[in-house]
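Below is start-v9.txt, holding compact mmCIF, C-alpha atoms.
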# COMPACT_ATOMS: atom_id res chain seq x y z
CA MET A 22 0.00 0.00 0.00
CA SER A 23 1.27 3.50 -0.86
CA GLU A 24 2.77 5.52 1.99
CA ALA A 25 0.83 8.48 0.58
CA ALA A 26 -2.43 6.76 1.61
CA LYS A 27 -2.02 7.95 5.19
CA LEU A 28 -5.76 8.06 5.92
CA THR A 29 -5.99 4.25 5.72
CA ARG A 30 -4.08 3.96 8.99
CA GLY A 31 -4.59 5.31 12.50
CA SER A 32 -7.62 6.63 14.36
CA ILE A 33 -10.71 7.48 12.30
CA SER A 34 -11.82 10.13 14.79
CA GLY A 35 -8.27 11.51 14.76
CA HIS A 36 -8.36 11.78 10.96
CA LEU A 37 -11.78 13.45 11.06
CA VAL A 38 -10.52 16.06 13.51
CA GLY A 39 -7.16 16.41 11.78
CA GLN A 40 -8.68 16.91 8.32
CA THR A 41 -11.73 18.92 9.36
CA THR A 42 -10.11 21.41 11.76
CA PRO A 43 -7.83 23.09 9.21
CA MET A 44 -10.64 22.96 6.68
CA ILE A 45 -12.90 24.83 9.13
CA ILE A 46 -10.31 27.59 9.18
CA GLY A 47 -10.01 27.56 5.40
CA VAL A 48 -13.73 27.40 4.69
CA ALA A 49 -14.42 30.08 7.32
CA ALA A 50 -11.89 32.31 5.60
CA MET A 51 -13.59 31.68 2.25
CA MET A 52 -17.06 32.37 3.63
CA SER A 53 -15.85 35.49 5.39
CA VAL A 54 -15.20 36.96 1.97
CA GLY A 55 -18.95 36.97 1.29
CA LEU A 56 -19.63 38.68 4.61
CA VAL A 57 -16.93 41.29 4.04
CA ASP A 58 -18.25 41.88 0.51
CA ALA A 59 -21.78 42.31 1.89
CA TYR A 60 -20.58 44.72 4.57
CA PHE A 61 -18.75 47.09 2.22
CA ILE A 62 -21.36 46.78 -0.53
CA GLY A 63 -23.99 47.60 2.10
CA GLN A 64 -22.19 50.91 2.63
CA LEU A 65 -22.98 51.80 -0.99
CA GLY A 66 -26.76 51.53 -0.49
CA SER A 67 -29.72 49.16 -0.41
CA ALA A 68 -29.85 48.91 -4.23
CA GLU A 69 -26.30 47.55 -4.34
CA LEU A 70 -27.09 45.11 -1.51
CA ALA A 71 -30.19 43.93 -3.38
CA ALA A 72 -28.11 43.51 -6.56
CA MET A 73 -25.71 41.26 -4.66
CA SER A 74 -28.67 39.24 -3.40
CA PHE A 75 -29.38 38.37 -7.05
CA VAL A 76 -25.71 37.73 -7.79
CA PHE A 77 -25.10 35.51 -4.75
CA PRO A 78 -27.03 32.39 -5.84
CA ILE A 79 -25.55 32.50 -9.35
CA VAL A 80 -22.00 32.87 -8.06
CA THR A 81 -22.70 30.08 -5.58
CA ALA A 82 -24.06 27.85 -8.35
CA LEU A 83 -20.95 28.42 -10.45
CA ALA A 84 -18.69 27.77 -7.47
CA SER A 85 -20.69 24.59 -6.87
CA LEU A 86 -19.88 23.41 -10.39
CA GLY A 87 -16.24 24.02 -9.52
CA VAL A 88 -16.67 22.06 -6.32
CA GLY A 89 -18.02 19.19 -8.41
CA VAL A 90 -14.82 19.17 -10.47
CA MET A 91 -12.80 19.28 -7.24
CA VAL A 92 -14.80 16.37 -5.79
CA GLY A 93 -14.26 14.32 -8.93
CA ILE A 94 -10.50 14.84 -8.77
CA ASN A 95 -10.47 14.19 -5.02
CA SER A 96 -12.40 10.94 -5.46
CA VAL A 97 -10.23 9.39 -8.17
CA VAL A 98 -6.94 10.53 -6.59
CA ALA A 99 -7.90 9.22 -3.13
CA ARG A 100 -9.01 5.82 -4.45
CA ALA A 101 -5.90 5.45 -6.63
CA LEU A 102 -3.71 6.20 -3.61
CA GLY A 103 -5.70 3.72 -1.50
CA GLU A 104 -5.09 1.06 -4.15
CA GLY A 105 -1.36 1.85 -4.03
CA ASP A 106 -1.10 2.99 -7.68
CA MET A 107 1.07 6.16 -7.54
CA GLU A 108 1.60 6.45 -11.30
CA ARG A 109 -2.12 6.38 -12.00
CA ALA A 110 -2.75 8.85 -9.18
CA GLN A 111 -0.16 11.23 -10.69
CA ARG A 112 -1.75 11.07 -14.14
CA LYS A 113 -5.22 11.67 -12.74
CA ALA A 114 -3.99 14.56 -10.58
CA SER A 115 -2.23 16.46 -13.38
CA PHE A 116 -4.95 15.78 -15.92
CA GLY A 117 -7.57 16.88 -13.39
CA ILE A 118 -5.99 20.33 -12.94
CA ALA A 119 -5.82 20.86 -16.72
CA PHE A 120 -9.43 19.69 -17.06
CA ALA A 121 -10.49 22.14 -14.33
CA PHE A 122 -8.93 25.07 -16.23
CA ALA A 123 -10.66 24.11 -19.49
CA THR A 124 -14.00 23.77 -17.72
CA GLY A 125 -13.59 27.19 -16.10
CA ALA A 126 -12.82 28.83 -19.45
CA VAL A 127 -15.96 27.41 -21.08
CA LEU A 128 -18.24 28.30 -18.16
CA GLY A 129 -16.79 31.81 -17.90
CA LEU A 130 -17.47 32.56 -21.57
CA LEU A 131 -21.03 31.24 -21.29
CA LEU A 132 -21.68 33.40 -18.24
CA PHE A 133 -20.27 36.48 -19.98
CA ALA A 134 -22.67 35.95 -22.89
CA LEU A 135 -25.75 35.29 -20.75
CA VAL A 136 -25.49 37.81 -17.90
CA THR A 137 -28.36 40.11 -18.90
CA PRO A 138 -30.94 37.49 -20.00
CA LEU A 139 -30.13 35.31 -16.99
CA PHE A 140 -30.84 38.02 -14.43
CA ARG A 141 -33.90 39.26 -16.29
CA LEU A 142 -35.19 35.71 -15.99
CA MET A 143 -34.62 36.00 -12.22
CA GLN A 144 -36.89 39.09 -12.18
CA ALA A 145 -34.09 41.59 -11.52
CA SER A 146 -35.38 45.13 -12.12
CA GLU A 147 -33.96 47.42 -14.80
CA GLU A 148 -32.61 49.59 -11.97
CA LEU A 149 -30.51 46.70 -10.64
CA LEU A 150 -29.29 45.23 -13.94
CA PRO A 151 -26.42 47.74 -14.49
CA LEU A 152 -25.16 47.05 -10.96
CA ILE A 153 -25.39 43.30 -11.54
CA ARG A 154 -23.49 43.56 -14.84
CA ALA A 155 -20.78 45.67 -13.21
CA TYR A 156 -20.00 42.73 -10.92
CA MET A 157 -20.70 39.75 -13.15
CA VAL A 158 -18.77 40.73 -16.30
CA PRO A 159 -15.29 40.81 -14.69
CA PHE A 160 -16.20 37.82 -12.55
CA ALA A 161 -17.12 35.80 -15.66
CA LEU A 162 -13.87 36.64 -17.46
CA GLY A 163 -11.80 35.64 -14.43
CA PHE A 164 -13.72 32.46 -13.66
CA PRO A 165 -11.03 30.05 -14.98
CA LEU A 166 -8.90 31.08 -11.97
CA VAL A 167 -11.61 29.74 -9.66
CA LEU A 168 -11.58 26.34 -11.38
CA ILE A 169 -7.78 26.01 -11.41
CA ASN A 170 -7.83 26.55 -7.65
CA MET A 171 -10.56 23.91 -7.31
CA GLY A 172 -8.43 21.46 -9.27
CA VAL A 173 -5.40 22.04 -7.06
CA ASN A 174 -7.55 21.66 -3.96
CA GLY A 175 -8.99 18.40 -5.28
CA VAL A 176 -5.50 16.92 -5.66
CA MET A 177 -4.49 18.06 -2.18
CA ARG A 178 -7.67 16.80 -0.51
CA GLY A 179 -7.28 13.41 -2.15
CA GLN A 180 -3.87 13.16 -0.47
CA GLY A 181 -5.21 14.29 2.91
CA GLU A 182 -3.34 17.62 2.74
CA ALA A 183 -6.01 19.65 4.55
CA LYS A 184 -3.50 22.04 6.11
CA ARG A 185 -2.16 23.14 2.74
CA THR A 186 -5.64 23.75 1.35
CA SER A 187 -6.39 25.91 4.39
CA VAL A 188 -3.25 27.99 3.85
CA ILE A 189 -4.42 28.67 0.29
CA SER A 190 -7.91 29.64 1.47
CA LEU A 191 -6.55 31.92 4.20
CA THR A 192 -4.26 33.65 1.72
CA TYR A 193 -7.15 34.20 -0.70
CA ALA A 194 -9.36 35.58 2.06
CA ALA A 195 -6.67 37.84 3.51
CA ALA A 196 -6.00 39.36 0.10
CA ASN A 197 -9.73 39.95 -0.35
CA TRP A 198 -10.08 41.55 3.11
CA VAL A 199 -7.36 44.05 2.21
CA LEU A 200 -8.60 44.77 -1.30
CA ASP A 201 -12.35 45.08 -0.59
CA PRO A 202 -12.35 48.44 1.22
CA ILE A 203 -9.86 49.86 -1.27
CA LEU A 204 -11.59 48.71 -4.45
CA ILE A 205 -15.26 48.97 -3.33
CA THR A 206 -15.63 52.11 -1.21
CA GLY A 207 -12.16 53.60 -1.73
CA ALA A 208 -9.25 54.40 0.58
CA PHE A 209 -6.05 56.46 0.69
CA GLY A 210 -7.54 59.05 -1.67
CA PHE A 211 -8.73 56.42 -4.18
CA ALA A 212 -12.47 56.65 -4.99
CA GLY A 213 -13.11 52.93 -5.47
CA PHE A 214 -15.07 51.13 -8.19
CA GLY A 215 -18.29 50.50 -6.26
CA ILE A 216 -19.86 47.09 -6.69
CA ALA A 217 -17.43 46.22 -9.51
CA GLY A 218 -14.60 46.60 -7.00
CA ALA A 219 -15.85 43.50 -5.18
CA ALA A 220 -15.35 41.47 -8.38
CA TYR A 221 -11.88 42.92 -8.99
CA ALA A 222 -10.87 42.11 -5.40
CA THR A 223 -12.11 38.55 -5.79
CA LEU A 224 -10.25 37.91 -9.03
CA ILE A 225 -6.94 39.37 -7.84
CA SER A 226 -7.23 37.23 -4.72
CA TRP A 227 -7.94 34.09 -6.79
CA ALA A 228 -4.84 34.75 -8.90
CA ILE A 229 -2.73 34.93 -5.75
CA ALA A 230 -4.33 31.71 -4.44
CA VAL A 231 -3.64 29.83 -7.69
CA ALA A 232 0.03 30.83 -7.68
CA LEU A 233 0.40 29.74 -4.04
CA GLY A 234 -1.50 26.49 -4.61
CA LEU A 235 0.67 25.37 -7.51
CA TRP A 236 3.77 26.21 -5.48
CA LEU A 237 2.59 24.24 -2.43
CA LEU A 238 1.58 21.29 -4.60
CA ARG A 239 5.21 20.91 -5.75
CA SER A 240 6.26 19.45 -2.38
CA THR A 241 3.45 16.87 -2.14
CA SER A 242 3.47 13.32 -3.45
CA LEU A 243 1.49 14.46 -6.53
CA PRO A 244 2.88 17.74 -7.93
CA PHE A 245 1.39 19.21 -11.11
CA ARG A 246 3.27 17.62 -14.02
CA PRO A 247 1.92 18.75 -17.40
CA GLY A 248 4.29 16.34 -19.12
CA VAL A 249 2.29 13.28 -18.01
CA ILE A 250 -0.98 14.61 -19.48
CA PRO A 251 -0.25 13.35 -23.05
CA GLN A 252 0.33 9.89 -21.55
CA CYS A 253 -3.20 9.77 -20.19
CA ASN A 254 -5.74 7.39 -21.64
CA LEU A 255 -8.82 9.63 -21.91
CA ARG A 256 -11.23 6.83 -21.13
CA GLU A 257 -9.25 5.75 -18.08
CA THR A 258 -8.48 9.26 -16.81
CA LEU A 259 -11.29 11.58 -17.90
CA GLY A 260 -14.07 9.03 -17.51
CA PRO A 261 -13.75 8.43 -13.75
CA ILE A 262 -13.31 12.15 -13.04
CA VAL A 263 -16.35 13.13 -15.10
CA SER A 264 -18.46 10.26 -13.76
CA VAL A 265 -18.11 11.79 -10.30
CA ALA A 266 -17.64 15.46 -11.25
CA LEU A 267 -20.78 15.86 -13.36
CA PRO A 268 -23.30 14.47 -10.86
CA ALA A 269 -21.39 16.06 -7.96
CA ALA A 270 -21.42 19.41 -9.75
CA GLY A 271 -25.12 18.97 -10.44
CA ALA A 272 -25.82 18.04 -6.84
CA ASN A 273 -23.86 21.05 -5.59
CA ALA A 274 -25.40 23.42 -8.13
CA ILE A 275 -28.99 22.34 -7.56
CA ASN A 276 -29.24 24.04 -4.18
CA PRO A 277 -28.14 27.47 -5.43
CA VAL A 278 -30.36 27.02 -8.50
CA GLY A 279 -33.23 26.44 -6.08
CA LEU A 280 -32.03 29.46 -4.12
CA SER A 281 -32.17 31.53 -7.31
CA VAL A 282 -35.80 30.54 -7.80
CA LEU A 283 -36.55 31.30 -4.16
CA THR A 284 -34.89 34.71 -4.61
CA ALA A 285 -37.17 35.38 -7.58
CA LEU A 286 -40.17 34.44 -5.43
CA VAL A 287 -38.96 36.62 -2.56
CA ALA A 288 -38.58 39.50 -5.05
CA THR A 289 -42.36 39.60 -5.38
CA GLN A 290 -42.53 40.52 -1.68
CA GLY A 291 -40.44 43.69 -2.07
CA GLN A 292 -36.82 44.89 -2.04
CA ALA A 293 -36.52 44.70 1.77
CA ALA A 294 -37.42 41.00 1.65
CA VAL A 295 -34.79 40.37 -1.06
CA ALA A 296 -32.09 42.24 0.88
CA GLY A 297 -32.95 40.47 4.15
CA PHE A 298 -33.13 37.06 2.51
CA GLY A 299 -29.82 37.56 0.67
CA ALA A 300 -27.93 38.86 3.71
CA GLY A 301 -29.41 36.11 5.88
CA GLY A 302 -28.19 33.55 3.36
CA ARG A 303 -24.67 34.93 3.63
CA LEU A 304 -24.70 34.63 7.42
CA GLN A 305 -26.12 31.12 7.11
CA ALA A 306 -23.33 30.15 4.72
CA PHE A 307 -20.77 31.30 7.29
CA ALA A 308 -22.54 29.64 10.22
CA VAL A 309 -22.48 26.18 8.60
CA VAL A 310 -18.73 26.35 7.90
CA PRO A 311 -17.89 23.37 10.20
CA LEU A 312 -20.46 21.29 8.32
CA LEU A 313 -19.03 22.30 4.96
CA ALA A 314 -15.52 21.54 6.19
CA LEU A 315 -16.62 18.13 7.45
CA SER A 316 -18.30 17.29 4.14
CA GLY A 317 -15.03 18.15 2.37
CA ALA A 318 -12.82 16.27 4.81
CA ILE A 319 -14.78 13.04 4.73
CA GLY A 320 -14.15 12.50 1.02
CA GLY A 321 -10.43 11.79 1.41
CA ILE A 322 -10.96 9.56 4.44
CA VAL A 323 -13.75 7.47 2.94
CA GLY A 324 -12.14 7.43 -0.54
CA GLN A 325 -8.73 6.18 0.56
CA ASN A 326 -10.21 3.52 2.85
CA TRP A 327 -12.69 2.39 0.20
CA GLY A 328 -9.88 2.08 -2.35
CA ALA A 329 -7.86 0.05 0.18
CA LYS A 330 -10.93 -2.15 0.87
CA HIS A 331 -11.06 -1.05 4.53
CA TYR A 332 -14.83 -0.76 4.33
CA HIS A 333 -15.42 -0.83 8.09
CA ARG A 334 -13.25 2.29 8.46
CA ALA A 335 -15.27 4.08 5.77
CA ARG A 336 -18.51 3.27 7.63
CA GLN A 337 -17.04 4.37 10.94
CA ALA A 338 -16.03 7.72 9.45
CA MET A 339 -19.53 8.37 8.13
CA TRP A 340 -21.18 7.35 11.41
CA GLN A 341 -19.07 9.71 13.50
CA ALA A 342 -19.39 12.56 11.00
CA GLY A 343 -23.16 12.19 10.79
CA TRP A 344 -23.67 12.46 14.53
CA PHE A 345 -21.48 15.53 14.74
CA ALA A 346 -23.36 17.19 11.87
CA ALA A 347 -26.74 16.64 13.50
CA GLY A 348 -25.60 17.87 16.92
CA TYR A 349 -23.84 20.96 15.63
CA GLY A 350 -26.83 21.90 13.46
CA LEU A 351 -29.21 21.84 16.42
CA VAL A 352 -26.92 23.96 18.61
CA LEU A 353 -26.52 26.47 15.78
CA ALA A 354 -30.29 26.67 15.29
CA VAL A 355 -30.83 27.67 18.92
CA LEU A 356 -28.21 30.43 18.67
CA LEU A 357 -29.50 31.96 15.44
CA PHE A 358 -33.13 31.71 16.51
CA ALA A 359 -32.31 33.77 19.61
CA ALA A 360 -29.92 36.32 18.08
CA GLY A 361 -31.25 36.90 14.54
CA GLU A 362 -31.94 40.63 14.91
CA TRP A 363 -28.56 41.24 16.56
CA PHE A 364 -26.79 39.68 13.57
CA ALA A 365 -29.03 41.56 11.12
CA ARG A 366 -27.79 44.95 12.35
CA PHE A 367 -24.31 44.14 11.05
CA PHE A 368 -25.73 44.23 7.51
CA SER A 369 -28.35 46.99 7.54
CA ASP A 370 -29.98 49.64 9.68
CA ASP A 371 -33.25 49.46 7.71
CA PRO A 372 -35.93 48.09 10.11
CA ALA A 373 -37.74 46.26 7.29
CA VAL A 374 -34.55 44.49 6.18
CA ILE A 375 -33.68 43.61 9.79
CA GLU A 376 -37.11 42.05 10.35
CA GLN A 377 -36.93 39.96 7.17
CA PHE A 378 -33.39 38.82 8.01
CA ALA A 379 -34.37 37.73 11.52
CA GLN A 380 -37.56 36.01 10.39
CA TYR A 381 -35.66 34.02 7.80
CA LEU A 382 -33.25 32.73 10.45
CA ARG A 383 -36.00 32.00 13.00
CA ILE A 384 -37.62 29.59 10.55
CA SER A 385 -34.84 28.15 8.37
CA ALA A 386 -32.22 27.55 11.09
CA TRP A 387 -34.03 24.47 12.41
CA GLY A 388 -33.10 22.61 9.24
CA TYR A 389 -29.33 23.00 9.62
CA ALA A 390 -28.94 19.58 11.31
CA GLY A 391 -30.57 17.88 8.32
CA PHE A 392 -28.50 19.95 5.91
CA GLY A 393 -25.30 18.88 7.69
CA VAL A 394 -26.17 15.19 7.45
CA LEU A 395 -27.11 15.63 3.79
CA ILE A 396 -23.88 17.27 2.64
CA THR A 397 -21.72 14.91 4.73
CA ALA A 398 -23.50 11.89 3.26
CA ASN A 399 -23.06 13.32 -0.24
CA GLY A 400 -19.33 13.73 0.43
CA ALA A 401 -19.08 10.05 1.35
CA LEU A 402 -21.14 8.94 -1.66
CA ASN A 403 -18.98 10.99 -4.03
CA ALA A 404 -15.84 9.45 -2.52
CA VAL A 405 -16.96 5.90 -3.37
CA GLY A 406 -18.05 6.80 -6.89
CA LYS A 407 -21.79 7.02 -6.16
CA ALA A 408 -22.19 10.68 -7.09
CA ASN A 409 -25.32 9.83 -9.10
CA LEU A 410 -27.12 9.08 -5.82
CA SER A 411 -26.05 12.46 -4.44
CA LEU A 412 -27.47 14.10 -7.53
CA ILE A 413 -30.81 12.28 -7.25
CA GLN A 414 -31.14 13.19 -3.58
CA SER A 415 -30.30 16.84 -4.20
CA PHE A 416 -32.70 17.05 -7.14
CA ALA A 417 -35.55 15.55 -5.11
CA ARG A 418 -34.82 17.83 -2.14
CA VAL A 419 -35.05 21.00 -4.23
CA PHE A 420 -37.54 20.19 -6.99
CA LEU A 421 -39.88 17.80 -5.18
CA VAL A 422 -39.90 19.48 -1.76
CA MET A 423 -38.45 22.99 -1.57
CA LEU A 424 -39.83 24.66 -4.70
CA PRO A 425 -43.33 23.13 -4.67
CA PHE A 426 -43.68 24.00 -0.97
CA ALA A 427 -42.67 27.63 -1.59
CA TRP A 428 -44.74 28.00 -4.76
CA PHE A 429 -48.03 26.65 -3.46
CA LEU A 430 -47.92 28.20 0.02
CA ARG A 431 -46.57 31.64 -0.92
CA PRO A 432 -50.00 33.13 -1.72
CA ALA A 433 -51.20 32.29 1.80
CA TRP A 434 -47.99 32.62 3.85
CA GLY A 435 -46.03 35.24 1.89
CA GLU A 436 -42.26 35.21 2.34
CA GLU A 437 -42.59 32.85 5.33
CA ALA A 438 -43.58 30.07 2.93
CA ILE A 439 -40.21 30.48 1.21
CA TYR A 440 -38.29 30.31 4.47
CA ALA A 441 -40.31 27.29 5.62
CA ALA A 442 -39.69 25.57 2.27
CA GLU A 443 -35.97 25.60 2.96
CA LEU A 444 -36.59 24.11 6.42
CA ALA A 445 -38.76 21.28 5.06
CA ALA A 446 -36.26 20.46 2.31
CA ASN A 447 -33.35 20.21 4.75
CA VAL A 448 -35.16 18.05 7.29
CA LEU A 449 -36.46 15.56 4.71
CA GLY A 450 -33.25 15.67 2.68
CA GLY A 451 -31.11 14.86 5.70
CA ALA A 452 -33.28 11.89 6.68
CA VAL A 453 -33.22 10.39 3.18
CA ALA A 454 -29.47 10.97 2.77
CA ALA A 455 -28.70 9.19 6.05
CA TYR A 456 -30.64 6.12 4.90
CA VAL A 457 -29.08 6.04 1.41
CA VAL A 458 -25.45 6.46 2.48
CA TRP A 459 -25.74 3.76 5.11
CA ARG A 460 -27.21 1.31 2.60
CA VAL A 461 -24.37 2.03 0.14
CA LEU A 462 -21.54 1.77 2.65
CA SER A 463 -23.00 -1.41 4.16
CA ARG A 464 -22.42 -3.22 0.84
CA GLY A 465 -18.66 -3.15 1.25
CA LYS A 466 -17.45 -6.44 2.72
CA GLU A 467 -13.86 -7.15 3.73
CA GLY A 468 -12.50 -10.20 2.00
For the file at hand, write its structure as structure tokens.
Amino acid sequence: MSEAAKLTRGSISGHLVGQTTPMIIGVAAMMSVGLVDAYFIGQLGSAELAAMSFVFPIVTALASLGVGVMVGINSVVARALGEGDMERAQRKASFGIAFAFATGAVLGLLLFALVTPLFRLMQASEELLPLIRAYMVPFALGFPLVLINMGVNGVMRGQGEAKRTSVISLTYAAANWVLDPILITGAFGFAGFGIAGAAYATLISWAIAVALGLWLLRSTSLPFRPGVIPQCNLRETLGPIVSVALPAAGANAINPVGLSVLTALVATQGQAAVAGFGAGGRLQAFAVVPLLALSGAIGGIVGQNWGAKHYHRARQAMWQAGWFAAGYGLVLAVLLFAAGEWFARFFSDDPAVIEQFAQYLRISAWGYAGFGVLITANGALNAVGKANLSLIQSFARVFLVMLPFAWFLRPAWGEEAIYAAELAANVLGGAVAAYVVWRVLSRGKEG
């Protein structure tokens, strides 16, 4: 067995803590960028904050597609290492990074061409469209940088190099923290670019992260080696990545697509509801950072052990992760239910926005436990090559529960129907995911 497959040995709980803790720091740093963006954009006015509420689900959906590519690379690299095949792992790792760049270039060009019709479809007003374009056009052109970083992270996660991925994320976030006030609102005599400055800050920070990531990857067991890419058999190399990446990307993108539809429904309730819902979603994204980190960490642990045929260790990892996700989600719900208005005042001083923000948290927060179990289970399913099941679960959660609930109850309940739809989807989605992942992992039998 390869010495690089370090997650196949030692304490499972130790690996969960060791891989998740640095990822919490890294994911928290990444999520903080959204909060810092929202804070400085909020200084520009409520129109700019509302524009970002439309932008947020689209940017999240695109990032989710990138996460799918990262998960695909993570899955095939981890399993190849678990099987002890270093040469195959190296080919998959280098090819995966090149594939991530190509995917980012295609998606970025599509986004650039479709910005205006896409946001008109989301019911963005003519007043907000220029603000939305000011952010989305530079973001679209720089999107390949996002995917290269995802590719590098996928290779590192497959090796269990959580600390290195966190260093990259912290560097990206720190650059963004410094650049946001300068490029958005202005500083040191510079006027700033307004909402477009948030996009410029993001892209400069991604460029820094990519350079650091490629440098850190050089000292791992699987550095980026473009020379091995021509040696790759496309069927052997691209096929396994895509077979996980496409459904994983779809599963990750479905939730923000649903969020985009919910945002369009909230828009019928007024601009204050949109601003409160969007800002509340940003706080929620930050609050569930430990769950997101756990869902990322479990892939390498389950993948390496599954590749090494240590099936009992894979099941043990999922069991421990699932219980943590449920417990943390319930504790978080109590906190946000009690302190929603206090958090809202960090984003706006408009009483209507504060009320919508707090009401959203009071209702939706009780589904965080189910959401945590869902994304952790999906991480385990992706790791063993069952990303299609993650996709089916995510599709059913959004299109069979969340959107019908919001659509049919909105006339009677108003915006509260939309918030309750998210709660129902997370509770049911978590329960179904727990059942499915346990059935799949129970099929592995040591020889």
**Request:** Find, counting only C-alpha atoms, the residue in A:Leu402, A:Ala50, A:Leu130, A:Leu421 that gets nearest to A:Gly450.
**Result:** A:Leu421
**Request:** Rounded to one decimal place, report the atom CA of A:Gly301-atom CA of A:Val352 distance in Å.
**Result:**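 Rounded to one decimal, the two atoms are 17.8 Å apart.
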**Item:** Length of the atom CA of A:Ala386 to atom CA of A:Ala354 vector [Å]
**Value:**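 So the answer is 4.7 Å.
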Which stretch 316-428 of chain A residues have any atom within 9 Å of an atom of stretch 32-44 of chain A, and for each, what is the nearest pair of atoms with distance in Å to one decimal, counting all atoms listed in the file, rows sorted by chain and number, as JSON lines?
{"residue": "A:Ser316", "atom": "CA", "partner": "A:Thr41", "partner_atom": "CA", "distance": 8.5}
{"residue": "A:Gly317", "atom": "CA", "partner": "A:Thr41", "partner_atom": "CA", "distance": 7.8}
{"residue": "A:Ala318", "atom": "CA", "partner": "A:Thr41", "partner_atom": "CA", "distance": 5.4}
{"residue": "A:Ile319", "atom": "CA", "partner": "A:Leu37", "partner_atom": "CA", "distance": 7.0}
{"residue": "A:Gly321", "atom": "CA", "partner": "A:Gln40", "partner_atom": "CA", "distance": 8.8}
{"residue": "A:Ile322", "atom": "CA", "partner": "A:His36", "partner_atom": "CA", "distance": 7.4}
{"residue": "A:Arg334", "atom": "CA", "partner": "A:Ile33", "partner_atom": "CA", "distance": 6.9}
{"residue": "A:Ala335", "atom": "CA", "partner": "A:Ile33", "partner_atom": "CA", "distance": 8.7}
{"residue": "A:Gln337", "atom": "CA", "partner": "A:Ile33", "partner_atom": "CA", "distance": 7.2}
{"residue": "A:Ala338", "atom": "CA", "partner": "A:Ile33", "partner_atom": "CA", "distance": 6.0}
{"residue": "A:Gln341", "atom": "CA", "partner": "A:Ser34", "partner_atom": "CA", "distance": 7.4}
{"residue": "A:Ala342", "atom": "CA", "partner": "A:Leu37", "partner_atom": "CA", "distance": 7.7}
**Request:** Tell me which of A:Leu142, A:Ser242, A:Gly218, A:Phe378 sits closest to A:Ala294, counting all atoms listed in the file.
**Result:**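 For A:Ala294, the nearest of the given residues is A:Phe378.
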**Prompt:** Pick from A:Gly400, A:Val80, A:Ala454, A:Phe160: nearest to A:Ala417, with only C-alpha atoms counted?
**Reply:**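 Of the candidates, the smallest distance to A:Ala417 is held by A:Ala454.
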**Message:** Report, in Å with one decimal, the straight-line distance from atom CA of A:Gln325 to atom CA of A:Ile94.
**Reply:** 12.9 Å
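Distance annotation: of A:Ala360, A:Leu235, A:Ala220, A:Ala272, the residue with the minimal separation from A:Arg185 is A:Leu235; atom set is only C-alpha atoms.
Using all atoms listed in the file, every residue with an atom at most 10 Å from the point (-33.9, 37.7, 11.7) is listed here: A:Gly297, A:Phe298, A:Gly301, A:Leu357, A:Phe358, A:Ala359, A:Ala360, A:Gly361, A:Glu362, A:Trp363, A:Phe364, A:Ala365, A:Arg366, A:Val374, A:Ile375, A:Glu376, A:Gln377, A:Phe378, A:Ala379, A:Gln380, A:Tyr381, A:Leu382, A:Arg383, A:Ile384.
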Please produce an output containing C-alpha atoms for each residue in the selection, written as an mmCIF file, in the frame of the given file.
data_model
loop_
_atom_site.group_PDB
_atom_site.id
_atom_site.type_symbol
_atom_site.label_atom_id
_atom_site.label_comp_id
_atom_site.auth_asym_id
_atom_site.auth_seq_id
_atom_site.Cartn_x
_atom_site.Cartn_y
_atom_site.Cartn_z
ATOM 1 C CA GLY A 297 -32.950 40.470 4.150
ATOM 2 C CA PHE A 298 -33.130 37.060 2.510
ATOM 3 C CA GLY A 301 -29.410 36.110 5.880
ATOM 4 C CA LEU A 357 -29.500 31.960 15.440
ATOM 5 C CA PHE A 358 -33.130 31.710 16.510
ATOM 6 C CA ALA A 359 -32.310 33.770 19.610
ATOM 7 C CA ALA A 360 -29.920 36.320 18.080
ATOM 8 C CA GLY A 361 -31.250 36.900 14.540
ATOM 9 C CA GLU A 362 -31.940 40.630 14.910
ATOM 10 C CA TRP A 363 -28.560 41.240 16.560
ATOM 11 C CA PHE A 364 -26.790 39.680 13.570
ATOM 12 C CA ALA A 365 -29.030 41.560 11.120
ATOM 13 C CA ARG A 366 -27.790 44.950 12.350
ATOM 14 C CA VAL A 374 -34.550 44.490 6.180
ATOM 15 C CA ILE A 375 -33.680 43.610 9.790
ATOM 16 C CA GLU A 376 -37.110 42.050 10.350
ATOM 17 C CA GLN A 377 -36.930 39.960 7.170
ATOM 18 C CA PHE A 378 -33.390 38.820 8.010
ATOM 19 C CA ALA A 379 -34.370 37.730 11.520
ATOM 20 C CA GLN A 380 -37.560 36.010 10.390
ATOM 21 C CA TYR A 381 -35.660 34.020 7.800
ATOM 22 C CA LEU A 382 -33.250 32.730 10.450
ATOM 23 C CA ARG A 383 -36.000 32.000 13.000
ATOM 24 C CA ILE A 384 -37.620 29.590 10.550
#
Can you write out as JSON lines which residues of stretch 112-137 of chain A fall within 8 Å of stretch 152-159 of chain A, alongside each residue's closest atom pair and its distance in Å to one decimal, counting all atoms listed in the file and ordering rows by chain and ascending residue number?
{"residue": "A:Phe133", "atom": "CA", "partner": "A:Val158", "partner_atom": "CA", "distance": 5.8}
{"residue": "A:Val136", "atom": "CA", "partner": "A:Arg154", "partner_atom": "CA", "distance": 6.8}
{"residue": "A:Thr137", "atom": "CA", "partner": "A:Arg154", "partner_atom": "CA", "distance": 7.2}
**Asked** Between A:Ala441, A:Val97, A:Leu132, A:Leu462, which is the closest to A:Leu259 once you count only C-alpha atoms?
**Response**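 Smallest separation from A:Leu259 among the options: A:Val97.
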